[in-house]
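Student: My file is target.tsv. It has TSV, C-alpha atoms:
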chain	number	residue	atom	x	y	z
A	1	LEU	CA	0.00	0.00	0.00
A	2	SER	CA	1.22	3.54	-0.77
A	3	LEU	CA	0.85	4.83	2.80
A	4	GLY	CA	4.43	5.76	3.47
A	5	PRO	CA	7.11	3.78	5.32
A	6	ASP	CA	6.37	5.20	8.79
A	7	THR	CA	2.66	4.35	8.63
A	8	ILE	CA	3.37	0.87	7.30
A	9	ALA	CA	6.00	0.22	10.00
A	10	SER	CA	3.57	1.37	12.70
A	11	ALA	CA	0.81	-0.89	11.36
A	12	GLU	CA	3.16	-3.87	11.20
A	13	ALA	CA	4.31	-3.27	14.78
A	14	ALA	CA	0.69	-3.11	15.96
A	15	LEU	CA	-0.18	-6.35	14.21
A	16	ALA	CA	2.91	-8.06	15.60
A	17	GLU	CA	1.83	-7.04	19.12
A	18	TYR	CA	-1.72	-8.32	18.57
A	19	ALA	CA	-0.33	-11.57	17.14
A	20	THR	CA	1.09	-12.41	20.58
A	21	GLN	CA	-2.35	-12.08	22.18
A	22	LEU	CA	-4.92	-13.26	19.64
A	23	THR	CA	-5.79	-16.38	17.69
A	24	PRO	CA	-5.14	-16.35	13.91
A	25	LYS	CA	-8.88	-15.92	13.27
A	26	ASP	CA	-9.15	-12.93	15.60
A	27	LEU	CA	-5.92	-11.47	14.20
A	28	ASP	CA	-7.48	-11.52	10.72
A	29	LYS	CA	-10.39	-9.45	12.08
A	30	VAL	CA	-8.01	-6.92	13.65
A	31	ALA	CA	-5.99	-6.69	10.41
A	32	ALA	CA	-9.16	-6.08	8.40
A	33	ARG	CA	-10.25	-3.39	10.87
A	34	LEU	CA	-6.83	-1.73	10.71
A	35	LEU	CA	-6.87	-1.75	6.91
A	36	ALA	CA	-10.34	-0.22	6.92
A	37	TYR	CA	-9.04	2.54	9.21
A	38	LEU	CA	-5.96	3.24	7.09
A	39	ASP	CA	-7.78	2.96	3.76
A	40	PRO	CA	-11.51	3.65	4.34
A	41	ASP	CA	-12.24	4.15	0.63
A	42	GLY	CA	-10.25	1.14	-0.58
A	43	GLN	CA	-8.18	3.35	-2.87
A	44	VAL	CA	-4.76	3.44	-1.20
A	45	THR	CA	-2.93	1.07	-3.50
A	46	ASP	CA	-0.43	1.12	-6.33
A	47	ASP	CA	0.59	-1.04	-9.25
A	48	HIS	CA	3.28	-2.84	-7.26
A	49	ASP	CA	0.70	-3.81	-4.63
A	50	ARG	CA	-1.67	-5.11	-7.30
A	51	GLN	CA	1.07	-7.11	-9.01
A	52	CYS	CA	1.95	-8.75	-5.69
A	53	HIS	CA	-1.62	-10.02	-5.35
A	54	ARG	CA	-2.11	-11.42	-8.85
A	55	GLU	CA	-2.70	-15.18	-8.87
A	56	VAL	CA	-4.47	-18.09	-10.52
A	57	THR	CA	-4.86	-21.38	-8.66
A	58	LEU	CA	-6.14	-24.72	-9.92
A	59	SER	CA	-7.38	-26.93	-7.11
A	60	PRO	CA	-6.97	-30.73	-6.98
A	61	GLN	CA	-9.75	-32.76	-8.57
A	62	ASP	CA	-12.70	-33.56	-6.30
A	63	GLN	CA	-14.72	-36.79	-6.14
A	64	ARG	CA	-16.51	-35.84	-9.38
A	65	LEU	CA	-13.13	-35.16	-11.02
A	66	MET	CA	-14.02	-31.47	-11.19
A	67	SER	CA	-11.44	-28.78	-10.41
A	68	GLU	CA	-12.01	-25.33	-8.93
A	69	LEU	CA	-10.26	-22.40	-10.60
A	70	THR	CA	-9.75	-19.31	-8.46
A	71	GLY	CA	-7.63	-16.22	-8.77
A	72	ARG	CA	-7.17	-12.46	-8.78
A	73	LEU	CA	-6.64	-10.45	-11.94
A	74	THR	CA	-4.82	-7.17	-12.28
A	75	PRO	CA	-6.85	-4.39	-13.97
A	76	ALA	CA	-5.02	-5.03	-17.25
A	77	GLY	CA	-5.46	-8.76	-16.83
A	78	ARG	CA	-9.19	-8.31	-16.29
A	79	ALA	CA	-9.48	-6.21	-19.43
A	80	VAL	CA	-7.76	-8.91	-21.50
A	81	PHE	CA	-9.85	-11.65	-19.89
A	82	GLU	CA	-13.11	-9.82	-20.56
A	83	LEU	CA	-12.17	-9.28	-24.20
A	84	ALA	CA	-11.27	-12.97	-24.62
A	85	MET	CA	-14.54	-14.05	-23.01
A	86	GLU	CA	-16.51	-11.70	-25.25
A	87	LEU	CA	-14.91	-13.28	-28.31
A	88	PHE	CA	-14.98	-16.94	-27.30
A	89	SER	CA	-18.04	-17.23	-25.04
A	90	ALA	CA	-20.57	-15.66	-27.39
A	91	LYS	CA	-23.80	-17.62	-27.53
A	92	GLY	CA	-23.51	-20.45	-30.03
A	93	MET	CA	-19.70	-20.48	-30.06
A	94	ASN	CA	-17.48	-23.34	-28.84
A	95	ASN	CA	-20.37	-25.49	-27.60
A	96	PRO	CA	-19.10	-29.05	-26.97
A	97	ALA	CA	-22.67	-30.38	-26.91
A	98	ASP	CA	-23.35	-29.10	-30.43
A	99	PRO	CA	-21.29	-30.67	-33.24
A	100	ASP	CA	-22.32	-27.82	-35.56
A	101	SER	CA	-21.23	-25.09	-33.17
A	102	PRO	CA	-18.52	-22.83	-34.65
A	103	SER	CA	-15.18	-22.93	-32.88
A	104	GLY	CA	-12.72	-20.16	-32.15
A	105	PRO	CA	-13.46	-16.45	-31.66
A	106	VAL	CA	-16.76	-14.94	-32.78
A	107	ASN	CA	-14.89	-12.44	-34.98
A	108	ALA	CA	-13.02	-15.15	-36.91
A	109	THR	CA	-12.61	-14.46	-40.62
A	110	GLY	CA	-15.11	-16.37	-42.72
A	111	LEU	CA	-17.50	-17.25	-39.88
A	112	ASP	CA	-20.99	-17.81	-41.35
A	113	PRO	CA	-23.41	-15.50	-39.47
A	114	HIS	CA	-26.37	-17.74	-40.34
A	115	LEU	CA	-24.58	-20.78	-38.93
A	116	LEU	CA	-23.78	-18.84	-35.77
A	117	ALA	CA	-27.38	-17.62	-35.42
A	118	GLU	CA	-28.68	-21.20	-35.71
A	119	ALA	CA	-26.15	-22.43	-33.16
A	120	ALA	CA	-27.06	-19.59	-30.79
A	121	ALA	CA	-30.73	-20.54	-31.03
A	122	ARG	CA	-29.85	-24.08	-29.94
A	123	ASP	CA	-27.51	-22.94	-27.17
A	124	THR	CA	-29.02	-23.64	-23.72
A	125	ARG	CA	-25.83	-23.08	-21.71
A	126	THR	CA	-25.66	-20.64	-18.83
A	127	PRO	CA	-23.23	-17.70	-19.11
A	128	ALA	CA	-20.93	-19.44	-16.63
A	129	GLN	CA	-20.93	-22.62	-18.72
A	130	ARG	CA	-20.17	-20.60	-21.85
A	131	ARG	CA	-17.20	-19.00	-20.08
A	132	HIS	CA	-15.94	-22.45	-19.08
A	133	ASP	CA	-16.14	-23.67	-22.67
A	134	ALA	CA	-14.55	-20.44	-23.88
A	135	LEU	CA	-11.58	-20.93	-21.56
A	136	ILE	CA	-11.05	-24.45	-22.93
A	137	ALA	CA	-11.30	-23.14	-26.50
A	138	ILE	CA	-8.77	-20.39	-25.75
A	139	CYS	CA	-6.33	-22.88	-24.25
A	140	ARG	CA	-6.69	-25.20	-27.24
A	141	THR	CA	-6.18	-22.30	-29.63
A	142	ALA	CA	-3.05	-21.27	-27.76
A	143	ALA	CA	-1.74	-24.85	-27.78
A	144	ALA	CA	-2.39	-25.16	-31.51
A	145	ALA	CA	-0.62	-21.87	-32.17
A	146	GLY	CA	2.45	-23.23	-30.42
A	147	ALA	CA	2.24	-26.67	-32.03
A	148	ASP	CA	5.79	-26.36	-33.34
A	149	GLY	CA	7.12	-25.82	-29.83
A	150	THR	CA	8.34	-28.49	-27.46
A	151	ILE	CA	8.21	-29.32	-23.75
A	152	ASN	CA	11.29	-31.16	-22.47
A	153	GLY	CA	12.17	-31.99	-26.07
A	154	LEU	CA	8.74	-33.40	-26.96
A	155	PRO	CA	5.96	-31.77	-29.02
A	156	ALA	CA	3.38	-30.04	-26.84
A	157	HIS	CA	0.64	-32.68	-26.59
A	158	ILE	CA	-1.71	-34.00	-23.91
A	159	ILE	CA	-0.49	-37.52	-23.12
A	160	VAL	CA	-2.99	-39.89	-21.48
A	161	THR	CA	-2.41	-43.48	-20.41
A	162	ALA	CA	-4.99	-46.21	-19.89
A	163	SER	CA	-5.20	-49.99	-19.46
A	164	LYS	CA	-6.37	-52.33	-22.20
A	165	SER	CA	-9.41	-53.56	-20.25
A	166	ASP	CA	-10.64	-50.02	-19.48
A	167	VAL	CA	-10.39	-48.99	-23.13
A	168	GLU	CA	-12.13	-52.15	-24.37
A	169	GLN	CA	-14.99	-51.68	-21.91
A	170	GLY	CA	-15.22	-47.94	-22.49
A	171	ARG	CA	-15.09	-47.15	-18.79
A	172	GLY	CA	-12.58	-46.44	-16.08
A	173	PHE	CA	-10.10	-43.63	-16.14
A	174	ALA	CA	-7.03	-42.49	-18.01
A	175	THR	CA	-4.20	-40.53	-16.41
A	176	THR	CA	-2.40	-37.57	-17.93
A	177	ALA	CA	1.35	-37.09	-17.68
A	178	THR	CA	0.71	-34.36	-15.07
A	179	GLY	CA	-1.36	-36.71	-12.87
A	180	SER	CA	-4.87	-35.52	-13.73
A	181	VAL	CA	-7.62	-38.11	-14.14
A	182	VAL	CA	-9.87	-38.19	-17.22
A	183	PRO	CA	-12.67	-40.68	-17.97
A	184	VAL	CA	-11.57	-43.10	-20.71
A	185	ARG	CA	-14.83	-42.55	-22.58
A	186	ASP	CA	-14.09	-38.82	-22.92
A	187	VAL	CA	-10.64	-39.48	-24.38
A	188	VAL	CA	-11.89	-42.15	-26.81
A	189	ASP	CA	-14.80	-39.95	-27.93
A	190	LEU	CA	-12.40	-37.08	-28.58
A	191	LEU	CA	-10.12	-39.22	-30.76
A	192	VAL	CA	-13.03	-40.80	-32.65
A	193	THR	CA	-15.14	-37.70	-33.23
A	194	ASP	CA	-12.19	-35.44	-34.04
A	195	PRO	CA	-9.74	-37.50	-36.11
A	196	ASP	CA	-7.79	-34.39	-37.09
A	197	ASN	CA	-7.07	-33.61	-33.45
A	198	ASN	CA	-3.33	-33.86	-32.86
A	199	ASP	CA	-3.37	-32.45	-29.34
A	200	VAL	CA	-4.17	-35.73	-27.56
A	201	VAL	CA	-1.92	-38.79	-27.49
A	202	MET	CA	-3.38	-41.98	-26.03
A	203	VAL	CA	-1.12	-44.79	-24.89
A	204	VAL	CA	-2.65	-48.15	-23.92
A	205	PHE	CA	-0.79	-50.65	-21.75
A	206	ASP	CA	-1.30	-54.38	-21.32
A	207	ASP	CA	-3.02	-55.09	-17.99
A	208	HIS	CA	-0.41	-57.61	-16.88
A	209	THR	CA	2.89	-56.85	-18.58
A	210	SER	CA	2.63	-53.04	-18.90
A	211	ASP	CA	3.84	-53.39	-22.49
A	212	VAL	CA	2.75	-50.63	-24.85
A	213	ILE	CA	0.10	-52.21	-27.10
A	214	TYR	CA	-1.36	-49.07	-28.66
A	215	TYR	CA	-0.14	-45.59	-29.39
A	216	GLY	CA	-2.59	-43.30	-31.11
A	217	THR	CA	-3.47	-39.75	-32.06
A	218	GLY	CA	-5.95	-38.34	-34.50
A	219	ARG	CA	-3.11	-38.61	-36.99
A	220	ARG	CA	-0.22	-41.00	-36.53
A	221	THR	CA	3.21	-39.40	-36.14
A	222	ALA	CA	5.52	-42.40	-36.13
A	223	ASN	CA	8.66	-40.34	-35.85
A	224	THR	CA	7.90	-39.46	-32.21
A	225	ALA	CA	5.71	-42.41	-31.20
A	226	GLN	CA	8.37	-44.32	-29.31
A	227	ARG	CA	9.39	-41.25	-27.35
A	228	PHE	CA	5.80	-40.46	-26.41
A	229	ALA	CA	5.12	-44.05	-25.32
A	230	SER	CA	8.24	-44.17	-23.18
A	231	PHE	CA	7.45	-40.79	-21.67
A	232	ALA	CA	3.93	-41.89	-20.72
A	233	ARG	CA	4.95	-45.27	-19.32
A	234	ASP	CA	7.92	-44.01	-17.29
A	235	ARG	CA	6.36	-40.63	-16.31
A	236	GLY	CA	9.11	-38.72	-18.06
Go through the file and emit its structure as structure tokens.
Tutor:
Amino acid sequence: LSLGPDTIASAEAALAEYATQLTPKDLDKVAARLLAYLDPDGQVTDDHDRQCHREVTLSPQDQRLMSELTGRLTPAGRAVFELAMELFSAKGMNNPADPDSPSGPVNATGLDPHLLAEAAARDTRTPAQRRHDALIAICRTAAAAGADGTINGLPAHIIVTASKSDVEQGRGFATTATGSVVPVRDVVDLLVTDPDNNDVVMVVFDDHTSDVIYYGTGRRTANTAQRFASFARDRG
């Protein structure tokens, strides 16, 4: 906060004194009260203070395999985020439940306005769901834009591993190289319904020997297949 060094030092000394007498919960209340006294209008801040509080956190998966995304955006970050959401979360755009939904930003060159209008009429998602789908679309667009780049010497792909029995039965779960869990059905559906998708690599292991019995993407890239399979099996 831009309050001056003497004021900040005095506030820190007061909090340190209270910390020897109060519980952490009560100390939070005192700190909030002190901040309200020093900055009653909530305007005593500067860019350095805002930059120190910027963050985005992805929580571990819960029992439904869902993950909570929380964070704080700087003013400039919010402006960029709002623009991206306006472009990618428009009604009818990037709807995973609609195979005829246009993908990408709503201002994309060549986008058929009649196709978009029809997709928007079918779109029953809530604004929050559209923002979720927009975020996924933005991430996929960014990954595709950097398709020529590498991570630890390997092309930037999502690598998922699964057992033979789970794939054959269309149930169970696959595991990504980063430890996230994805239903096998979702991965198989993605590879089958989007054969041109090169972002996902699926590696299937024998249930008993752990031998690699299948390596697949939307398009086969044999020149890196062995490296991908070894990476998935040995976790790097």
Student: Would you compute the distance between CA of Asn94 (chain A) and CA of Ala119 (chain A)? Give it in Å to one decimal.
Tutor: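 Computing the Euclidean distance for CA of Asn94 (chain A) and CA of Ala119 (chain A) yields 9.7 Å.
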Student: What's the 8 Å shell around Leu87 (chain A), counting all atoms listed in the file, without same-chain residues fewer than 4 positions away, as a list of chain:residue names?
Tutor: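 Counting only the stated atoms, we get A:Leu83, A:Pro105, A:Val106, A:Asn107.
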Student: Just give me the gap between CA of Ala134 (chain A) and CA of Gln61 (chain A) in Å, one decimal is fine.
Tutor: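 Between CA of Ala134 (chain A) and CA of Gln61 (chain A) the gap is 20.2 Å.
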Student: Quick one: of A:Arg50, A:Arg171, A:Arg131, A:Arg122, who's nearest to Val184 (chain A), counting only C-alpha atoms?
Tutor: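 For Val184 (chain A), the nearest of the given residues is A:Arg171.
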Student: Please measure the separation of CA of Pro96 (chain A) and CA of Ile136 (chain A), giving the value in Å to one decimal.
Tutor: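 A separation of 10.1 Å between them.
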Student: Counting all atoms listed in the file, figure out which residue out of A:Leu115, A:Val182, A:Leu3, A:Leu27 gets nearest to Asp39 (chain A).
Tutor: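 Once distances to Asp39 (chain A) are computed over all atoms listed in the file, the minimum belongs to A:Leu3.
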Student: Would you compute an axis-aligned box for region 73-85 of chain A, covering every atom listed for it in the file with 5 Å of margin on each side, and report centre and edge lengths in Å to one decimal as JSON?
Tutor:
{"center_x": -9.7, "center_y": -9.2, "center_z": -18.3, "size_x": 19.7, "size_y": 19.7, "size_z": 22.7}
Student: Using all atoms listed in the file, pick whichever of A:His48, A:Pro75, A:Leu58, A:His53 has the shortest atom-to-atom distance to Ser180 (chain A).
Tutor: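 For Ser180 (chain A), the nearest of the given residues is A:Leu58.
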Student: Find the residue from A:Leu65, A:Pro113, A:Asp49, A:His132 that sits nearest to Ala174 (chain A); use all atoms listed in the file when measuring.
Tutor: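 Of A:Leu65, A:Pro113, A:Asp49, A:His132, the one nearest Ala174 (chain A) is A:Leu65, counting all atoms listed in the file.
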Student: When you count all atoms listed in the file, which of these residues is closest to Gly104 (chain A): A:Glu55, A:Asp133, A:Glu17, A:Glu168?
Tutor: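 Among A:Glu55, A:Asp133, A:Glu17, A:Glu168, it is A:Asp133 that comes nearest to Gly104 (chain A).
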Student: List as a PyMOL selection string: which residues have an atom within 8 Å of (-2.0, -6.0, -12.6), counting all atoms listed in the file?
Tutor: chain A and resi 47+50-51+54+73-77
